[in-house]
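Undergrad: Just so it is clear, I am handing over protein-v7.pdb, which has PDB, C-alpha atoms.
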ATOM      1  CA  MET A 104      -5.513   7.852 -12.502
ATOM      2  CA  LYS A 105      -2.027   6.548 -13.346
ATOM      3  CA  ASP A 106      -0.745  10.017 -14.165
ATOM      4  CA  LYS A 107      -2.242  11.578 -11.038
ATOM      5  CA  LYS A 108      -0.217  12.394  -7.942
ATOM      6  CA  ILE A 109      -1.869  10.859  -4.895
ATOM      7  CA  GLY A 110      -1.689  12.104  -1.307
ATOM      8  CA  LEU A 111      -2.742  10.497   1.968
ATOM      9  CA  ILE A 112      -3.328  11.989   5.405
ATOM     10  CA  GLY A 113      -3.619   9.443   8.216
ATOM     11  CA  VAL A 114      -1.110   6.581   7.887
ATOM     12  CA  GLY A 115      -2.511   4.697  10.863
ATOM     13  CA  LEU A 116      -3.456   1.033  11.095
ATOM     14  CA  MET A 117      -5.839   1.313   8.142
ATOM     15  CA  GLY A 118      -4.024   4.068   6.250
ATOM     16  CA  HIS A 119      -0.717   2.209   6.182
ATOM     17  CA  GLY A 120      -2.298  -0.692   4.310
ATOM     18  CA  ILE A 121      -4.008   1.711   1.914
ATOM     19  CA  ALA A 122      -0.727   3.503   1.247
ATOM     20  CA  SER A 123       1.162   0.258   0.642
ATOM     21  CA  ASN A 124      -1.360  -0.920  -1.930
ATOM     22  CA  ILE A 125      -1.482   2.426  -3.747
ATOM     23  CA  VAL A 126       2.310   2.240  -4.130
ATOM     24  CA  LYS A 127       2.126  -1.420  -5.142
ATOM     25  CA  HIS A 128      -0.153  -0.428  -8.040
ATOM     26  CA  GLY A 129       2.402   2.044  -9.367
ATOM     27  CA  HIS A 130       0.994   5.366  -8.188
ATOM     28  CA  ALA A 131       3.153   8.257  -7.040
ATOM     29  CA  LEU A 132       2.251   8.783  -3.385
ATOM     30  CA  ALA A 133       2.975  11.466  -0.788
ATOM     31  CA  VAL A 134       1.867  11.402   2.866
ATOM     32  CA  LEU A 135       1.680  13.769   5.823
ATOM     33  CA  GLU A 136       4.227  13.309   8.592
ATOM     34  CA  HIS A 137       2.250  12.923  11.826
ATOM     35  CA  GLU A 138       2.909  11.459  15.262
ATOM     36  CA  GLY A 139      -0.115   9.165  14.866
ATOM     37  CA  ASN A 140       1.362   7.455  11.807
ATOM     38  CA  GLN A 141       2.576   3.900  11.713
ATOM     39  CA  PRO A 142       6.316   3.618  10.894
ATOM     40  CA  LEU A 143       6.969   5.047   7.433
ATOM     41  CA  ASP A 144      10.328   3.372   6.732
ATOM     42  CA  ALA A 145       8.983   0.834   4.220
ATOM     43  CA  LEU A 146       6.909   3.467   2.413
ATOM     44  CA  LYS A 147       9.825   5.879   2.197
ATOM     45  CA  ALA A 148      12.026   3.097   0.849
ATOM     46  CA  ALA A 149       9.409   2.533  -1.858
ATOM     47  CA  GLY A 150       9.663   6.185  -2.932
ATOM     48  CA  VAL A 151       6.833   7.762  -0.949
ATOM     49  CA  ARG A 152       7.386  11.476  -0.315
ATOM     50  CA  THR A 153       6.484  13.148   2.978
ATOM     51  CA  PHE A 154       5.290  16.636   3.891
ATOM     52  CA  THR A 155       5.043  18.325   7.271
ATOM     53  CA  THR A 156       1.862  20.351   6.648
ATOM     54  CA  ALA A 157      -1.463  19.463   5.056
ATOM     55  CA  LYS A 158      -1.271  22.707   3.086
ATOM     56  CA  ASP A 159       2.001  21.747   1.379
ATOM     57  CA  LEU A 160       0.841  18.190   0.749
ATOM     58  CA  ALA A 161      -2.388  19.385  -0.859
ATOM     59  CA  ALA A 162      -0.441  21.734  -3.131
ATOM     60  CA  ALA A 163       1.639  18.823  -4.425
ATOM     61  CA  VAL A 164      -1.077  16.281  -5.305
ATOM     62  CA  ASP A 165      -4.110  15.858  -7.550
ATOM     63  CA  VAL A 166      -6.051  13.455  -5.338
ATOM     64  CA  LEU A 167      -5.925  13.506  -1.525
ATOM     65  CA  LEU A 168      -7.265  10.700   0.657
ATOM     66  CA  LEU A 169      -8.161  11.334   4.296
ATOM     67  CA  CYS A 170      -8.024   8.428   6.732
ATOM     68  CA  VAL A 171      -8.360  10.099  10.136
ATOM     69  CA  THR A 172     -10.377   9.395  13.274
ATOM     70  CA  GLY A 173     -13.610  11.289  12.699
ATOM     71  CA  SER A 174     -15.400  14.538  11.856
ATOM     72  CA  PRO A 175     -13.417  16.852  14.186
ATOM     73  CA  GLN A 176     -10.146  15.633  12.662
ATOM     74  CA  VAL A 177     -11.469  15.885   9.086
ATOM     75  CA  GLU A 178     -12.642  19.439   9.724
ATOM     76  CA  ALA A 179      -9.316  20.387  11.311
ATOM     77  CA  VAL A 180      -7.178  18.957   8.529
ATOM     78  CA  LEU A 181      -9.278  20.645   5.839
ATOM     79  CA  LEU A 182     -10.050  23.985   7.461
ATOM     80  CA  GLY A 183      -7.056  24.650   9.754
ATOM     81  CA  ASP A 184      -4.530  27.453   9.316
ATOM     82  CA  GLU A 185      -2.091  25.090   7.587
ATOM     83  CA  GLY A 186      -4.915  22.899   6.290
ATOM     84  CA  VAL A 187      -5.724  21.343   2.958
ATOM     85  CA  LEU A 188      -7.854  24.226   1.667
ATOM     86  CA  GLN A 189      -4.927  26.604   2.105
ATOM     87  CA  GLY A 190      -2.949  24.707  -0.512
ATOM     88  CA  MET A 191      -5.456  22.734  -2.610
ATOM     89  CA  ARG A 192      -5.209  23.283  -6.342
ATOM     90  CA  PRO A 193      -8.338  23.867  -8.481
ATOM     91  CA  GLY A 194      -9.789  20.580  -9.735
ATOM     92  CA  SER A 195      -8.250  18.513  -6.938
ATOM     93  CA  VAL A 196     -10.228  15.588  -5.528
ATOM     94  CA  ILE A 197     -10.641  15.019  -1.785
ATOM     95  CA  ILE A 198     -11.635  11.469  -0.808
ATOM     96  CA  ASP A 199     -12.670  11.090   2.836
ATOM     97  CA  CYS A 200     -12.243   7.497   3.998
ATOM     98  CA  SER A 201     -12.866   8.391   7.651
ATOM     99  CA  THR A 202     -15.954   7.613   9.708
ATOM    100  CA  ALA A 203     -17.821  10.905   9.935
ATOM    101  CA  ILE A 204     -21.118  12.600  10.707
ATOM    102  CA  PRO A 205     -22.959  12.975   7.370
ATOM    103  CA  ALA A 206     -24.100  16.549   8.083
ATOM    104  CA  SER A 207     -20.444  17.556   8.526
ATOM    105  CA  THR A 208     -19.483  15.680   5.351
ATOM    106  CA  GLU A 209     -22.095  17.509   3.292
ATOM    107  CA  ARG A 210     -21.028  20.883   4.691
ATOM    108  CA  LEU A 211     -17.352  20.209   3.966
ATOM    109  CA  ALA A 212     -18.172  19.059   0.433
ATOM    110  CA  LYS A 213     -19.748  22.455  -0.246
ATOM    111  CA  VAL A 214     -16.732  24.274   1.191
ATOM    112  CA  VAL A 215     -14.366  22.220  -0.977
ATOM    113  CA  ALA A 216     -16.515  22.859  -4.075
ATOM    114  CA  GLU A 217     -16.518  26.608  -3.368
ATOM    115  CA  ALA A 218     -12.707  26.446  -3.208
ATOM    116  CA  GLY A 219     -12.569  24.792  -6.638
ATOM    117  CA  GLY A 220     -12.166  21.172  -5.572
ATOM    118  CA  ARG A 221     -14.281  18.023  -5.696
ATOM    119  CA  PHE A 222     -15.238  15.894  -2.695
ATOM    120  CA  MET A 223     -16.390  12.337  -2.137
ATOM    121  CA  ASP A 224     -16.775  10.095   0.888
ATOM    122  CA  ALA A 225     -15.491   6.521   0.714
ATOM    123  CA  ALA A 226     -16.056   5.070   4.168
ATOM    124  CA  MET A 227     -14.252   1.822   4.990
ATOM    125  CA  THR A 228     -15.374  -1.401   6.585
ATOM    126  CA  ARG A 229     -13.250  -4.432   7.539
ATOM    127  CA  THR A 230      -9.993  -4.352   9.491
ATOM    128  CA  PRO A 231      -6.277  -3.441   9.181
ATOM    129  CA  LYS A 232      -5.630  -7.001   7.978
ATOM    130  CA  GLU A 233      -7.828  -6.483   4.911
ATOM    131  CA  ALA A 234      -6.374  -3.000   4.443
ATOM    132  CA  ALA A 235      -2.899  -4.530   4.179
ATOM    133  CA  GLU A 236      -4.230  -7.152   1.758
ATOM    134  CA  GLY A 237      -5.988  -4.564  -0.433
ATOM    135  CA  ARG A 238      -9.376  -6.090   0.416
ATOM    136  CA  LEU A 239     -11.309  -3.336   2.154
ATOM    137  CA  ASN A 240     -14.983  -2.662   1.577
ATOM    138  CA  LEU A 241     -15.743   0.926   0.549
ATOM    139  CA  LEU A 242     -19.066   2.740   0.815
ATOM    140  CA  VAL A 243     -18.968   5.710  -1.536
ATOM    141  CA  GLY A 244     -20.936   8.942  -1.661
ATOM    142  CA  ALA A 245     -20.299  10.907  -4.857
ATOM    143  CA  ASP A 246     -21.833  11.924  -8.159
ATOM    144  CA  GLU A 247     -21.675   9.299 -10.881
ATOM    145  CA  ALA A 248     -18.916  10.966 -12.894
ATOM    146  CA  LEU A 249     -16.554  11.420  -9.959
ATOM    147  CA  PHE A 250     -17.204   7.880  -8.756
ATOM    148  CA  ALA A 251     -16.332   6.482 -12.182
ATOM    149  CA  GLU A 252     -13.187   8.619 -12.365
ATOM    150  CA  CYS A 253     -11.894   7.550  -8.954
ATOM    151  CA  ARG A 254     -12.954   3.910  -8.934
ATOM    152  CA  PRO A 255      -9.647   2.607 -10.416
ATOM    153  CA  LEU A 256      -7.742   4.237  -7.548
ATOM    154  CA  LEU A 257     -10.153   2.858  -4.948
ATOM    155  CA  ALA A 258      -9.773  -0.613  -6.455
ATOM    156  CA  CYS A 259      -6.088  -0.550  -5.526
ATOM    157  CA  PHE A 260      -7.007  -1.138  -1.896
ATOM    158  CA  ALA A 261     -10.645  -2.309  -1.914
ATOM    159  CA  GLU A 262     -12.284  -5.596  -2.827
ATOM    160  CA  ASN A 263     -15.913  -4.452  -2.715
ATOM    161  CA  ILE A 264     -16.870  -0.908  -3.721
ATOM    162  CA  THR A 265     -20.499   0.177  -3.322
ATOM    163  CA  HIS A 266     -21.775   3.462  -4.713
ATOM    164  CA  CYS A 267     -24.362   4.391  -2.088
ATOM    165  CA  GLY A 268     -25.557   7.679  -3.567
ATOM    166  CA  PRO A 269     -24.542  11.368  -3.505
ATOM    167  CA  VAL A 270     -22.024  12.942  -1.123
ATOM    168  CA  GLY A 271     -22.754  11.865   2.449
ATOM    169  CA  ALA A 272     -24.411   8.595   1.474
ATOM    170  CA  GLY A 273     -21.241   6.582   2.049
ATOM    171  CA  HIS A 274     -20.866   7.918   5.575
ATOM    172  CA  ARG A 275     -24.548   7.308   6.265
ATOM    173  CA  MET A 276     -24.254   3.697   5.170
ATOM    174  CA  LYS A 277     -21.055   3.245   7.218
ATOM    175  CA  LEU A 278     -22.829   4.385  10.384
ATOM    176  CA  LEU A 279     -25.774   2.103   9.651
ATOM    177  CA  HIS A 280     -23.362  -0.782   9.103
ATOM    178  CA  ASN A 281     -21.365  -0.062  12.257
ATOM    179  CA  TYR A 282     -24.468   0.321  14.389
ATOM    180  CA  VAL A 283     -25.680  -3.112  13.315
ATOM    181  CA  SER A 284     -22.209  -4.658  13.632
ATOM    182  CA  LEU A 285     -21.139  -3.081  16.930
ATOM    183  CA  GLY A 286     -24.649  -3.273  18.321
ATOM    184  CA  SER A 287     -24.779  -7.001  17.627
ATOM    185  CA  VAL A 288     -21.419  -7.544  19.338
ATOM    186  CA  SER A 289     -22.550  -5.488  22.335
ATOM    187  CA  LEU A 290     -25.817  -7.403  22.603
ATOM    188  CA  ILE A 291     -24.040 -10.766  22.590
ATOM    189  CA  ALA A 292     -21.456  -9.438  25.045
ATOM    190  CA  GLU A 293     -24.208  -8.497  27.494
ATOM    191  CA  ALA A 294     -25.845 -11.899  27.084
ATOM    192  CA  ALA A 295     -22.458 -13.598  27.597
ATOM    193  CA  ALA A 296     -21.922 -11.609  30.804
ATOM    194  CA  CYS A 297     -25.316 -12.772  32.020
ATOM    195  CA  ALA A 298     -24.438 -16.351  31.054
ATOM    196  CA  GLN A 299     -21.198 -16.100  33.019
ATOM    197  CA  ARG A 300     -23.034 -14.853  36.097
ATOM    198  CA  ALA A 301     -25.550 -17.681  35.720
ATOM    199  CA  GLY A 302     -22.865 -20.339  35.487
ATOM    200  CA  VAL A 303     -23.447 -21.266  31.839
ATOM    201  CA  ALA A 304     -20.261 -22.695  30.324
ATOM    202  CA  PRO A 305     -18.914 -20.407  27.558
ATOM    203  CA  GLU A 306     -18.489 -23.368  25.185
ATOM    204  CA  VAL A 307     -22.163 -24.236  25.614
ATOM    205  CA  PHE A 308     -23.202 -20.589  25.164
ATOM    206  CA  VAL A 309     -21.230 -20.288  21.916
ATOM    207  CA  ASP A 310     -22.336 -23.678  20.572
ATOM    208  CA  VAL A 311     -26.049 -23.067  21.123
ATOM    209  CA  LEU A 312     -25.973 -19.552  19.634
ATOM    210  CA  ALA A 313     -23.942 -20.728  16.644
ATOM    211  CA  LYS A 314     -26.540 -23.388  15.823
ATOM    212  CA  GLY A 315     -29.441 -20.969  16.108
ATOM    213  CA  GLY A 316     -30.450 -17.372  15.606
ATOM    214  CA  GLY A 317     -27.415 -16.033  17.457
ATOM    215  CA  GLY A 318     -24.928 -17.336  14.923
ATOM    216  CA  GLY A 319     -23.009 -15.065  12.570
ATOM    217  CA  THR A 320     -20.107 -12.647  12.299
ATOM    218  CA  ALA A 321     -20.637 -10.953  15.674
ATOM    219  CA  LEU A 322     -20.494 -14.257  17.551
ATOM    220  CA  GLU A 323     -17.426 -15.406  15.598
ATOM    221  CA  ARG A 324     -15.590 -12.209  16.503
ATOM    222  CA  LEU A 325     -16.429 -12.700  20.194
ATOM    223  CA  LYS A 326     -15.784 -16.452  20.264
ATOM    224  CA  PRO A 327     -12.000 -16.286  20.921
ATOM    225  CA  PHE A 328     -12.588 -14.111  23.979
ATOM    226  CA  LEU A 329     -15.516 -16.152  25.245
ATOM    227  CA  THR A 330     -13.633 -19.440  25.005
ATOM    228  CA  GLN A 331      -9.976 -18.430  25.416
ATOM    229  CA  GLN A 332      -9.973 -14.873  26.834
ATOM    230  CA  ASP A 333      -8.352 -13.714  23.563
ATOM    231  CA  PRO A 334      -9.773 -10.329  22.444
ATOM    232  CA  SER A 335      -7.980 -10.248  19.087
ATOM    233  CA  GLY A 336     -11.014 -11.492  17.167
ATOM    234  CA  LEU A 337     -12.136  -7.867  16.918
ATOM    235  CA  ARG A 338      -9.302  -5.348  17.069
ATOM    236  CA  PHE A 339     -11.599  -2.388  17.682
ATOM    237  CA  THR A 340     -11.395  -0.362  20.874
ATOM    238  CA  MET A 341     -14.346   0.482  23.092
ATOM    239  CA  SER A 342     -13.616   4.189  22.634
ATOM    240  CA  ASN A 343     -13.851   3.854  18.846
ATOM    241  CA  ALA A 344     -17.085   1.900  19.207
ATOM    242  CA  LEU A 345     -18.491   4.660  21.442
ATOM    243  CA  LYS A 346     -17.484   7.303  18.883
ATOM    244  CA  ASP A 347     -19.257   5.449  16.087
ATOM    245  CA  LEU A 348     -22.418   4.910  18.148
ATOM    246  CA  GLY A 349     -22.364   8.593  19.067
ATOM    247  CA  TYR A 350     -22.164   9.498  15.383
ATOM    248  CA  TYR A 351     -25.000   7.093  14.613
ATOM    249  CA  THR A 352     -27.313   8.534  17.256
ATOM    250  CA  THR A 353     -26.487  12.050  16.034
ATOM    251  CA  MET A 354     -27.392  11.014  12.490
ATOM    252  CA  ALA A 355     -30.612   9.377  13.687
ATOM    253  CA  GLN A 356     -31.519  12.476  15.677
ATOM    254  CA  ASP A 357     -30.858  14.680  12.644
ATOM    255  CA  SER A 358     -33.250  12.447  10.670
ATOM    256  CA  GLN A 359     -35.779  12.268  13.544
ATOM    257  CA  ALA A 360     -35.446   8.483  13.339
ATOM    258  CA  ALA A 361     -36.063   5.926  16.104
ATOM    259  CA  ARG A 362     -32.928   5.423  18.196
ATOM    260  CA  THR A 363     -33.977   3.957  21.561
ATOM    261  CA  ILE A 364     -31.977   0.745  21.119
ATOM    262  CA  ALA A 365     -28.982   2.659  19.744
ATOM    263  CA  GLU A 366     -29.033   4.940  22.784
ATOM    264  CA  GLY A 367     -28.963   1.875  25.018
ATOM    265  CA  VAL A 368     -25.904   0.515  23.225
ATOM    266  CA  ARG A 369     -24.230   3.925  23.332
ATOM    267  CA  GLN A 370     -24.852   4.270  27.069
ATOM    268  CA  THR A 371     -23.472   0.761  27.680
ATOM    269  CA  LEU A 372     -20.309   1.632  25.784
ATOM    270  CA  ALA A 373     -20.024   5.018  27.517
ATOM    271  CA  GLN A 374     -20.122   3.334  30.921
ATOM    272  CA  ALA A 375     -17.527   0.786  29.802
ATOM    273  CA  VAL A 376     -15.218   3.526  28.513
ATOM    274  CA  ASP A 377     -15.621   5.490  31.748
ATOM    275  CA  SER A 378     -14.628   2.462  33.816
ATOM    276  CA  THR A 379     -11.733   1.239  31.651
ATOM    277  CA  GLY A 380     -10.324   4.292  29.862
ATOM    278  CA  GLY A 381     -11.639   3.030  26.545
ATOM    279  CA  GLN A 382      -8.511   1.476  25.054
ATOM    280  CA  ARG A 383      -9.463  -2.121  25.758
ATOM    281  CA  LEU A 384     -10.771  -4.069  22.774
ATOM    282  CA  LEU A 385     -14.508  -4.471  22.286
ATOM    283  CA  PRO A 386     -14.664  -8.234  23.032
ATOM    284  CA  GLU A 387     -13.490  -7.373  26.553
ATOM    285  CA  LEU A 388     -16.863  -5.719  27.077
ATOM    286  CA  VAL A 389     -17.998  -9.167  28.232
ATOM    287  CA  ALA A 390     -15.634  -9.047  31.209
ATOM    288  CA  VAL A 391     -16.454  -5.408  31.966
ATOM    289  CA  LEU A 392     -20.181  -6.110  32.056
ATOM    290  CA  ALA A 393     -19.758  -9.276  34.080
ATOM    291  CA  ALA A 394     -17.654  -7.432  36.668
ATOM    292  CA  ARG A 395     -20.093  -4.516  36.806
ATOM    293  CA  ASP A 396     -23.040  -6.858  37.285
ATOM    294  CA  ALA A 397     -21.135  -8.545  40.105
ATOM    295  CA  GLY A 398     -20.784  -5.202  41.848
TER     296      GLY A 398
END
Would you mind giving the structure from this file in structure tokens?
TA:
Amino acid sequence: MKDKKIGLIGVGLMGHGIASNIVKHGHALAVLEHEGNQPLDALKAAGVRTFTTAKDLAAAVDVLLLCVTGSPQVEAVLLGDEGVLQGMRPGSVIIDCSTAIPASTERLAKVVAEAGGRFMDAAMTRTPKEAAEGRLNLLVGADEALFAECRPLLACFAENITHCGPVGAGHRMKLLHNYVSLGSVSLIAEAAACAQRAGVAPEVFVDVLAKGGGGGTALERLKPFLTQQDPSGLRFTMSNALKDLGYYTTMAQDSQAARTIAEGVRQTLAQAVDSTGGQRLLPELVAVLAARDAG
């Protein structure tokens, strides 16, 4: 991969860390100029090139990573009038690090293959902090040969890389992971709102759960908000959580799988987004639910 030219679309909170680590490992990198980017000054100073259209960026690189919001954005950046497929060179590799609906991923992979490219999904878990540190977890969907070829590049910004299966498998596993993760946080948030209404001290609530079956990552991420009203333990907005739960329920419906509990979590998040605008962080769901219960 050292002689390959790398491109990145989506230099947001996660993408900026990915870009920094790709450069740190000596790769030539180019990115798309976009209003949603984090400041690019440090990357430009390190020699990163910029392009104003996805078409021109795709024409200049061998491997293109996508780190955008979700399936609609992935489809737009690939299929649009000035999109990636308008400029992609034969043999190019597209790596989708976004959170996406697997059915869309599989369809796009076929379109890319028909255009002479290769496609893999490499969904991310963890946070912008780990992205900056080069310690993301990646869930990959790809054939064995492409996975082996691209793994050295992925290792520039990931600590744990799991090959989940063929194209689409990485996105499936990401949605399963996020449903369990976000669902657990939402469940504890609802219980914490009930505890607040019942007059249970937050320190007691946290202590008892931590010593029993309620302990774990979800509780630790909520703990700063429960005890100090600090939501920074999980820098993930309610609107993003709702998007991911919507993708999960779509995937479950496509598979004709049970989804009653997931629908309950999705509806809870939808109501919270409707009442707050969705940009508040997920730990604040505790306060939203407590206030709604009070009404």
Undergrad: For each of A:Ile204, A:Met341, A:Leu348, A:Ala245, take the minimum atom-to-atom distance to Val376 in chain A, counting all atoms listed in the file, then give the residue where this is smallest.
TA: A:Met341
Undergrad: Which one of A:Pro327, A:Gly286, A:Pro386, A:Gly113 sits closest to Pro142 in chain A if you count only C-alpha atoms?
TA: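 Selected residue with least distance to Pro142 in chain A: A:Gly113.
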Undergrad: I would like the residues chosen by the PyMOL selection byres ((chain A and resi 387) around 9) on the shown file; could you give them as a PyMOL selection string?
TA: chain A and resi 292+325+328+332-334+341+383-386+388-392
Undergrad: List as JSON lines every residue of range 232-336 of chain A that is in contact with range 205-228 of chain A, defined as an atom at most 10 Å from one of its atoms (using only C-alpha atoms), together with the nearest atom pair and the distance in Å rounded to one decimal, sorted by chain and then rising number.
TA:
{"residue": "A:Glu233", "atom": "CA", "partner": "A:Thr228", "partner_atom": "CA", "distance": 9.3}
{"residue": "A:Ala234", "atom": "CA", "partner": "A:Met227", "partner_atom": "CA", "distance": 9.3}
{"residue": "A:Arg238", "atom": "CA", "partner": "A:Thr228", "partner_atom": "CA", "distance": 9.8}
{"residue": "A:Leu239", "atom": "CA", "partner": "A:Thr228", "partner_atom": "CA", "distance": 6.3}
{"residue": "A:Asn240", "atom": "CA", "partner": "A:Thr228", "partner_atom": "CA", "distance": 5.2}
{"residue": "A:Leu241", "atom": "CA", "partner": "A:Met227", "partner_atom": "CA", "distance": 4.8}
{"residue": "A:Leu242", "atom": "CA", "partner": "A:Ala226", "partner_atom": "CA", "distance": 5.1}
{"residue": "A:Val243", "atom": "CA", "partner": "A:Ala225", "partner_atom": "CA", "distance": 4.2}
{"residue": "A:Gly244", "atom": "CA", "partner": "A:Asp224", "partner_atom": "CA", "distance": 5.0}
{"residue": "A:Ala245", "atom": "CA", "partner": "A:Met223", "partner_atom": "CA", "distance": 5.0}
{"residue": "A:Asp246", "atom": "CA", "partner": "A:Met223", "partner_atom": "CA", "distance": 8.1}
{"residue": "A:Leu249", "atom": "CA", "partner": "A:Met223", "partner_atom": "CA", "distance": 7.9}
{"residue": "A:Phe250", "atom": "CA", "partner": "A:Met223", "partner_atom": "CA", "distance": 8.0}
{"residue": "A:Cys253", "atom": "CA", "partner": "A:Met223", "partner_atom": "CA", "distance": 9.5}
{"residue": "A:Leu257", "atom": "CA", "partner": "A:Ala225", "partner_atom": "CA", "distance": 8.6}
{"residue": "A:Ala261", "atom": "CA", "partner": "A:Met227", "partner_atom": "CA", "distance": 8.8}
{"residue": "A:Asn263", "atom": "CA", "partner": "A:Thr228", "partner_atom": "CA", "distance": 9.8}
{"residue": "A:Ile264", "atom": "CA", "partner": "A:Ala225", "partner_atom": "CA", "distance": 8.8}
{"residue": "A:Thr265", "atom": "CA", "partner": "A:Ala225", "partner_atom": "CA", "distance": 9.0}
{"residue": "A:His266", "atom": "CA", "partner": "A:Ala225", "partner_atom": "CA", "distance": 8.8}
{"residue": "A:Cys267", "atom": "CA", "partner": "A:Ala225", "partner_atom": "CA", "distance": 9.5}
{"residue": "A:Pro269", "atom": "CA", "partner": "A:Met223", "partner_atom": "CA", "distance": 8.3}
{"residue": "A:Val270", "atom": "CA", "partner": "A:Met223", "partner_atom": "CA", "distance": 5.8}
{"residue": "A:Gly271", "atom": "CA", "partner": "A:Pro205", "partner_atom": "CA", "distance": 5.0}
{"residue": "A:Ala272", "atom": "CA", "partner": "A:Pro205", "partner_atom": "CA", "distance": 7.5}
{"residue": "A:Gly273", "atom": "CA", "partner": "A:Asp224", "partner_atom": "CA", "distance": 5.8}
{"residue": "A:His274", "atom": "CA", "partner": "A:Pro205", "partner_atom": "CA", "distance": 5.8}
{"residue": "A:Arg275", "atom": "CA", "partner": "A:Pro205", "partner_atom": "CA", "distance": 6.0}
{"residue": "A:Met276", "atom": "CA", "partner": "A:Ala226", "partner_atom": "CA", "distance": 8.4}
{"residue": "A:Lys277", "atom": "CA", "partner": "A:Ala226", "partner_atom": "CA", "distance": 6.1}
{"residue": "A:Leu278", "atom": "CA", "partner": "A:Pro205", "partner_atom": "CA", "distance": 9.1}
{"residue": "A:His280", "atom": "CA", "partner": "A:Thr228", "partner_atom": "CA", "distance": 8.4}
{"residue": "A:Asn281", "atom": "CA", "partner": "A:Thr228", "partner_atom": "CA", "distance": 8.4}
Undergrad: Would you mind exporting C-alpha atoms of the selected residues as a PDB file, in the frame of the given file?
TA:
ATOM      1  CA  GLU A 233      -7.828  -6.483   4.911  1.00  0.00           C
ATOM      2  CA  ALA A 234      -6.374  -3.000   4.443  1.00  0.00           C
ATOM      3  CA  ARG A 238      -9.376  -6.090   0.416  1.00  0.00           C
ATOM      4  CA  LEU A 239     -11.309  -3.336   2.154  1.00  0.00           C
ATOM      5  CA  ASN A 240     -14.983  -2.662   1.577  1.00  0.00           C
ATOM      6  CA  LEU A 241     -15.743   0.926   0.549  1.00  0.00           C
ATOM      7  CA  LEU A 242     -19.066   2.740   0.815  1.00  0.00           C
ATOM      8  CA  VAL A 243     -18.968   5.710  -1.536  1.00  0.00           C
ATOM      9  CA  GLY A 244     -20.936   8.942  -1.661  1.00  0.00           C
ATOM     10  CA  ALA A 245     -20.299  10.907  -4.857  1.00  0.00           C
ATOM     11  CA  ASP A 246     -21.833  11.924  -8.159  1.00  0.00           C
ATOM     12  CA  LEU A 249     -16.554  11.420  -9.959  1.00  0.00           C
ATOM     13  CA  PHE A 250     -17.204   7.880  -8.756  1.00  0.00           C
ATOM     14  CA  CYS A 253     -11.894   7.550  -8.954  1.00  0.00           C
ATOM     15  CA  LEU A 257     -10.153   2.858  -4.948  1.00  0.00           C
ATOM     16  CA  ALA A 261     -10.645  -2.309  -1.914  1.00  0.00           C
ATOM     17  CA  ASN A 263     -15.913  -4.452  -2.715  1.00  0.00           C
ATOM     18  CA  ILE A 264     -16.870  -0.908  -3.721  1.00  0.00           C
ATOM     19  CA  THR A 265     -20.499   0.177  -3.322  1.00  0.00           C
ATOM     20  CA  HIS A 266     -21.775   3.462  -4.713  1.00  0.00           C
ATOM     21  CA  CYS A 267     -24.362   4.391  -2.088  1.00  0.00           C
ATOM     22  CA  PRO A 269     -24.542  11.368  -3.505  1.00  0.00           C
ATOM     23  CA  VAL A 270     -22.024  12.942  -1.123  1.00  0.00           C
ATOM     24  CA  GLY A 271     -22.754  11.865   2.449  1.00  0.00           C
ATOM     25  CA  ALA A 272     -24.411   8.595   1.474  1.00  0.00           C
ATOM     26  CA  GLY A 273     -21.241   6.582   2.049  1.00  0.00           C
ATOM     27  CA  HIS A 274     -20.866   7.918   5.575  1.00  0.00           C
ATOM     28  CA  ARG A 275     -24.548   7.308   6.265  1.00  0.00           C
ATOM     29  CA  MET A 276     -24.254   3.697   5.170  1.00  0.00           C
ATOM     30  CA  LYS A 277     -21.055   3.245   7.218  1.00  0.00           C
ATOM     31  CA  LEU A 278     -22.829   4.385  10.384  1.00  0.00           C
ATOM     32  CA  HIS A 280     -23.362  -0.782   9.103  1.00  0.00           C
ATOM     33  CA  ASN A 281     -21.365  -0.062  12.257  1.00  0.00           C
TER      34      ASN A 281
END
Undergrad: Residue by residue, what does the PyMOL selection byres ((chain A and resi 153) around 9) grab here? Present the result as a short mmCIF file (atom, residue, chain, number, x, y, z; two decimals) with C-alpha atoms, keeping the file's coordinate frame.
TA:
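Dumped everything to expr.cif:
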data_model
loop_
_atom_site.label_atom_id
_atom_site.label_comp_id
_atom_site.auth_asym_id
_atom_site.auth_seq_id
_atom_site.Cartn_x
_atom_site.Cartn_y
_atom_site.Cartn_z
CA LEU A 132 2.25 8.78 -3.38
CA ALA A 133 2.98 11.47 -0.79
CA VAL A 134 1.87 11.40 2.87
CA LEU A 135 1.68 13.77 5.82
CA GLU A 136 4.23 13.31 8.59
CA LYS A 147 9.82 5.88 2.20
CA VAL A 151 6.83 7.76 -0.95
CA ARG A 152 7.39 11.48 -0.32
CA PHE A 154 5.29 16.64 3.89
CA THR A 155 5.04 18.32 7.27
CA LEU A 160 0.84 18.19 0.75
#
Undergrad: From the options A:Ile291, A:Asp377, A:Gln299, A:Ile197, which residue's atoms come nearest to Ala313 in chain A, counting only C-alpha atoms?
TA: A:Ile291
